[in-house]
Amino acid sequence: MGDVVITWDNGTTVLRFDGGEDGPIRLVDLHDVGEPSGSTERAGQPLVEILTPRWGNQTWGTGARHTGTHLGSRLRYVSHSADGQSELAITQSDPESGLVVISRFSSFPGVAAVRSQTEVSMPRGAEPMILWAVTSLATSAVVSQDANNLDVWSAASSWAAENRWSTQPLRAPALSRIDASARGETIRDAVVTSSIGTWSSGAVNPAGAVRNRVSGRTLAWQIEHNGGWLAEVGELRSDHGPSAYLALLGPTDVRHHWSFTVDADHSFTSVPVTIAVADTMDDAFGRLADHRRSARRDHRQNSTLPVIFNDYMNTLMGDPSEDKLLPLIDSAAESGAEYFCIDAGWYDDTAGWWASVGDWEPSTVRFPRSLRFVLDHIRDRGMVPGLWMEPEVVGTTSRAAEALPDSAFLQRGGVRIRERDRYLLDLRSPDAVAHLDSAVDRLINDLGVGYFKFDYNVTPGAGTDLDAPSVGHGLLEHNRAQLRWLDALLDRHPELIIENCGSGAMRSDFAMLSRLALQSTSDQENPLLYPAIAVGALAHILPEQAGNWAYPQPDMSDELIIFTTCTGLAGRLYQSGPLDRLSAAQRALVSSGIAVHKELREDLVRSTPRFPTGLPRWAEPWTTIALDADDVAYLIAWRQADAAENVRLDLSGLARQPQAVEQLYPEPGIVADWGTTLDGTQLELRAPTGPAARLYRITG
């Protein structure tokens, strides 16, 4: 066998792979159909890296890197097959151990993004192999063409401070400049981001980008997993000049206590990842958005985007009751809400409901005429009723904690994992699944619940060692069992809408969002801090799935009510606030904001996020977002109190040249109008005071 060159054209993107007798298969180039190939001479990164205790690393390994593995360098091409433009499979094997690796690529028609997974198996008669790490994808394509000018983009995340995007150059201060030609392999470091436990976005979002700061060309990525993951960008040694690589993985031994033994009867499949390449970072993230729209579960609400009111944020705050809810339900209906969700506390007779979760029986103290009476009132007002649940946990004081066997819970050393007075269900367990199915089906069938907010406020750490080859693999199996449970639930109740919430947005990954309707973007209670979170979310969450709170208060000025409403309008409007205590003028501002959302939602579901002032950092004086729906775009701008009066926005990334700018919210004349000057693709906004916000419609 001589050199091997594989070219796959999926209709939008061309992928080129090289390999042969002297080396493993490498993904060396990605480019749009009809565009010339890029330089490939520095693209030396093997497509698959496999770290094992038996073979370890070929180069000087450290805990920071998962490239340069001995097995990765020994893989050799066996075969490949393509199913037209939708799928490609490349098979390699290690001649010495017999290990077989299949790299599977897939894409959707018209979508310039590619999904990848790796399958690892052993043939009959071969000795079993312990795995410590397996890449879903590794490549030097794109990033190696100019390694000296690469910036690595990532978004730090924590409770009420999600989506804090930042960038660092691959070279110093991220990686120190060294002499890569010195004796031995001296390039040992990498820029690494990874998750913690089951909060896939609890520390860093499972999405990012590598961008050439000179040309703007960007390789964007997402890891589609609701558990442990790792992304790594580093330098490679190359005879042709500076080289770099991107590696995307699920759980690993060093970071997540994961290992798994493959043999003739047990194979392993890595978590799915998706990449996209474009000439700008906005376009690269936009192509990932196209992939999300094509890959998510079909549901009627995907296009209708009904307006949801939730009673929690800065309103009832987990203390619902019949007397508090009835006037709030009336006000929400009058303002235009279409769903009404009762948040935490509906199942407990006391104020200390935290440890009692898990039985999911309605309180009779909070609802003297029954919860059904309140839900019927929601229906009578023309809305669909919803309830908050935290399905994966069981409180220590609940009956379920005693009734369920220990095998229904995540464990370590035979002991149930307990976190803040909750146990965590193991969804590999039939008993755990039966418990959840019974509770959810009862609430749907008996009470007519049509919406659930599924929360997740505690995590189990590295995982479970019950019936698992490693703690991390036990967690991986639980993660995958959770997705199967959600699929089965939605198959039984196809009209049900489920919101994904994980202590705000601590689990905002596409494994969950490929199934669930929307994502709570934060628990942030301060409206002035929310715009950066809401806008930053749009790099890895679809606009129609980004549930941004709007929570007007009686003591707010009109400008601040407009400010928080604009935050809600920067995605999927998620309405809250004590509407029953607002003045008539304040309620009018809320109602007009909801009406605007209804007007633009048919455009929202086809829009691409653009960032005229860049991805927001945490303390931006001005934050902006443009939702580009080709023939029309919607621009939202927030000015903080200490911001300059003027800001200049670059709208050159919009699909059409801007010709007209119209203020859509609030209606002109309600408060002081802002000044707008459009000069080609440059728009200047002038806001006399702050904090303040406006929404504009831009047409071309």
# chains A, B, ... in the order shown; residues from 1 in each chain; ligands from 1
>>> residues_around(residues="Leu483 in chain A", least_positions_apart="5", cutoff="10 Å", atoms="only C-alpha atoms", output="list in words")
His225, Asn226, Leu427, His478, Ala488, Leu489, Ala511, Met512, Ser514 and Arg515 of chain A
>>> residues_around(residues="range 641-644 of chain A", least_positions_apart="6", cutoff="6 Å", atoms="only C-alpha atoms", output="list in words")
Pro621, Gly690 and Pro691 of chain A
>>> closest_atom_pairs(of="range 315-362 of chain A", to="range 567-580 of chain A", cutoff="7 Å", atoms="only C-alpha atoms", output="CSV")
residue,atom,partner,partner_atom,distance
A:Thr315,CA,A:Gly577,CA,5.1
A:Pro327,CA,A:Asp580,CA,6.0
A:Leu328,CA,A:Asp580,CA,5.4
A:Ser331,CA,A:Asp580,CA,5.4
A:Ala332,CA,A:Leu579,CA,6.8
>>> select_by_dssp(residues="range 58-211 of chain A", states="alpha helix (DSSP H)", output="JSON, numbers by chain")
{"A": [70, 71, 72, 73, 74]}
>>> write_last_selection(atoms="N, CA and C atoms", output="PDB file, in the first residue's frame")
ATOM      1  N   HIS A  70       1.498   6.654  21.492  1.00  0.00           N
ATOM      2  CA  HIS A  70       2.158   5.587  20.748  1.00  0.00           C
ATOM      3  C   HIS A  70       1.177   4.901  19.793  1.00  0.00           C
ATOM      4  N   LEU A  71      -0.019   4.578  20.275  1.00  0.00           N
ATOM      5  CA  LEU A  71      -0.994   3.914  19.418  1.00  0.00           C
ATOM      6  C   LEU A  71      -1.467   4.826  18.294  1.00  0.00           C
ATOM      7  N   GLY A  72      -1.624   6.122  18.577  1.00  0.00           N
ATOM      8  CA  GLY A  72      -2.032   7.041  17.529  1.00  0.00           C
ATOM      9  C   GLY A  72      -1.056   7.059  16.369  1.00  0.00           C
ATOM     10  N   SER A  73       0.232   6.975  16.685  1.00  0.00           N
ATOM     11  CA  SER A  73       1.246   6.992  15.621  1.00  0.00           C
ATOM     12  C   SER A  73       1.325   5.669  14.876  1.00  0.00           C
ATOM     13  N   ARG A  74       0.852   4.572  15.487  1.00  0.00           N
ATOM     14  CA  ARG A  74       0.980   3.249  14.874  1.00  0.00           C
ATOM     15  C   ARG A  74      -0.214   2.838  14.025  1.00  0.00           C
TER      16      ARG A  74
END
>>> select_by_dssp(residues="range 158-300 of chain A", states="strand (DSSP E)", output="count of residues only")
47
>>> closest_residue(among="A:Thr91, A:Asn310, A:Thr67, A:Ser86", to="Leu248 in chain A", atoms="only C-alpha atoms")
A:Thr67
>>> residues_around(residues="Ala687 in chain A", least_positions_apart="4", cutoff="8 Å", atoms="only C-alpha atoms", output="MDAnalysis selection string")
chainID A and resid 639 645:646 673:675 692
>>> residues_around(residues="Val384 in chain A", least_positions_apart="3", cutoff="12 Å", atoms="only C-alpha atoms", output="ChimeraX atom specification")
/A:306-310,329,332-333,337-342,374-381,387,444,447-452,495-497
>>> closest_residue(among="A:Thr274, A:Asn212, A:Ser166, A:Ser303", to="Asp603 in chain A", atoms="only C-alpha atoms")
A:Ser303
>>> atom_distance(atom1="CA of Leu51 in chain A", atom2="CA of Ser200 in chain A")
22.5 Å
>>> closest_residue(among="A:Arg697, A:Arg26, A:Arg601, A:Arg686", to="Ile6 in chain A", atoms="only C-alpha atoms")
A:Arg26
>>> closest_atom_pairs(of="range 620-674 of chain A", to="range 596-599 of chain A", cutoff="12 Å", atoms="only C-alpha atoms", output="tab-separated table")
residue	atom	partner	partner_atom	distance
A:Tyr634	CA	A:His597	CA	11.1
A:Gln663	CA	A:Val596	CA	11.2
A:Leu664	CA	A:Val596	CA	7.5
A:Tyr665	CA	A:Val596	CA	7.2
A:Pro666	CA	A:Val596	CA	9.1
A:Glu667	CA	A:Val596	CA	10.0
>>> residues_around(residues="range 608-612 of chain A", least_positions_apart="6", cutoff="8 Å", atoms="only C-alpha atoms", output="CSV table (one decimal) with N, CA and C atoms, in the first residue's frame")
chain,number,residue,atom,x,y,z
A,282,ASP,N,-17.7,34.9,13.5
A,282,ASP,CA,-19.2,34.9,13.5
A,282,ASP,C,-19.7,33.9,12.5
A,286,GLY,N,-21.8,30.6,13.4
A,286,GLY,CA,-23.1,30.6,12.7
A,286,GLY,C,-23.3,29.2,12.0
A,289,ALA,N,-24.4,26.9,14.5
A,289,ALA,CA,-25.8,27.1,14.7
A,289,ALA,C,-26.7,26.4,13.7
A,538,LEU,N,-25.2,33.1,23.0
A,538,LEU,CA,-25.6,32.9,21.6
A,538,LEU,C,-24.5,32.3,20.7
A,539,ALA,N,-23.3,32.2,21.3
A,539,ALA,CA,-22.2,31.6,20.5
A,539,ALA,C,-22.3,30.1,20.6
A,543,PRO,N,-30.5,31.0,19.2
A,543,PRO,CA,-31.3,32.1,19.7
A,543,PRO,C,-32.7,31.7,20.2
A,624,THR,N,-23.8,44.4,22.6
A,624,THR,CA,-24.7,44.4,21.4
A,624,THR,C,-24.8,43.0,20.8
A,625,ILE,N,-25.9,42.8,20.1
A,625,ILE,CA,-26.1,41.6,19.4
A,625,ILE,C,-27.0,41.9,18.2
A,626,ALA,N,-26.7,41.3,17.0
A,626,ALA,CA,-27.5,41.4,15.8
A,626,ALA,C,-28.0,40.0,15.5
A,627,LEU,N,-29.3,39.8,15.4
A,627,LEU,CA,-29.8,38.5,15.0
A,627,LEU,C,-30.2,38.6,13.5
A,628,ASP,N,-29.4,38.0,12.7
A,628,ASP,CA,-29.4,38.2,11.2
A,628,ASP,C,-30.3,37.1,10.6
A,629,ALA,N,-31.4,37.5,10.0
A,629,ALA,CA,-32.3,36.5,9.4
A,629,ALA,C,-32.4,36.8,7.9
A,649,LEU,N,-20.9,50.6,15.6
A,649,LEU,CA,-21.1,49.2,15.4
A,649,LEU,C,-20.8,48.8,13.9
A,650,ASP,N,-20.1,47.7,13.8
A,650,ASP,CA,-19.7,47.2,12.4
A,650,ASP,C,-20.8,46.2,12.0
A,651,LEU,N,-21.6,46.5,11.0
A,651,LEU,CA,-22.6,45.6,10.6
A,651,LEU,C,-22.3,44.9,9.2
A,653,GLY,N,-21.0,42.2,8.7
A,653,GLY,CA,-21.2,40.7,8.7
A,653,GLY,C,-22.7,40.3,8.4
A,654,LEU,N,-23.6,41.3,8.3
A,654,LEU,CA,-25.0,41.0,8.0
A,654,LEU,C,-25.1,40.5,6.5
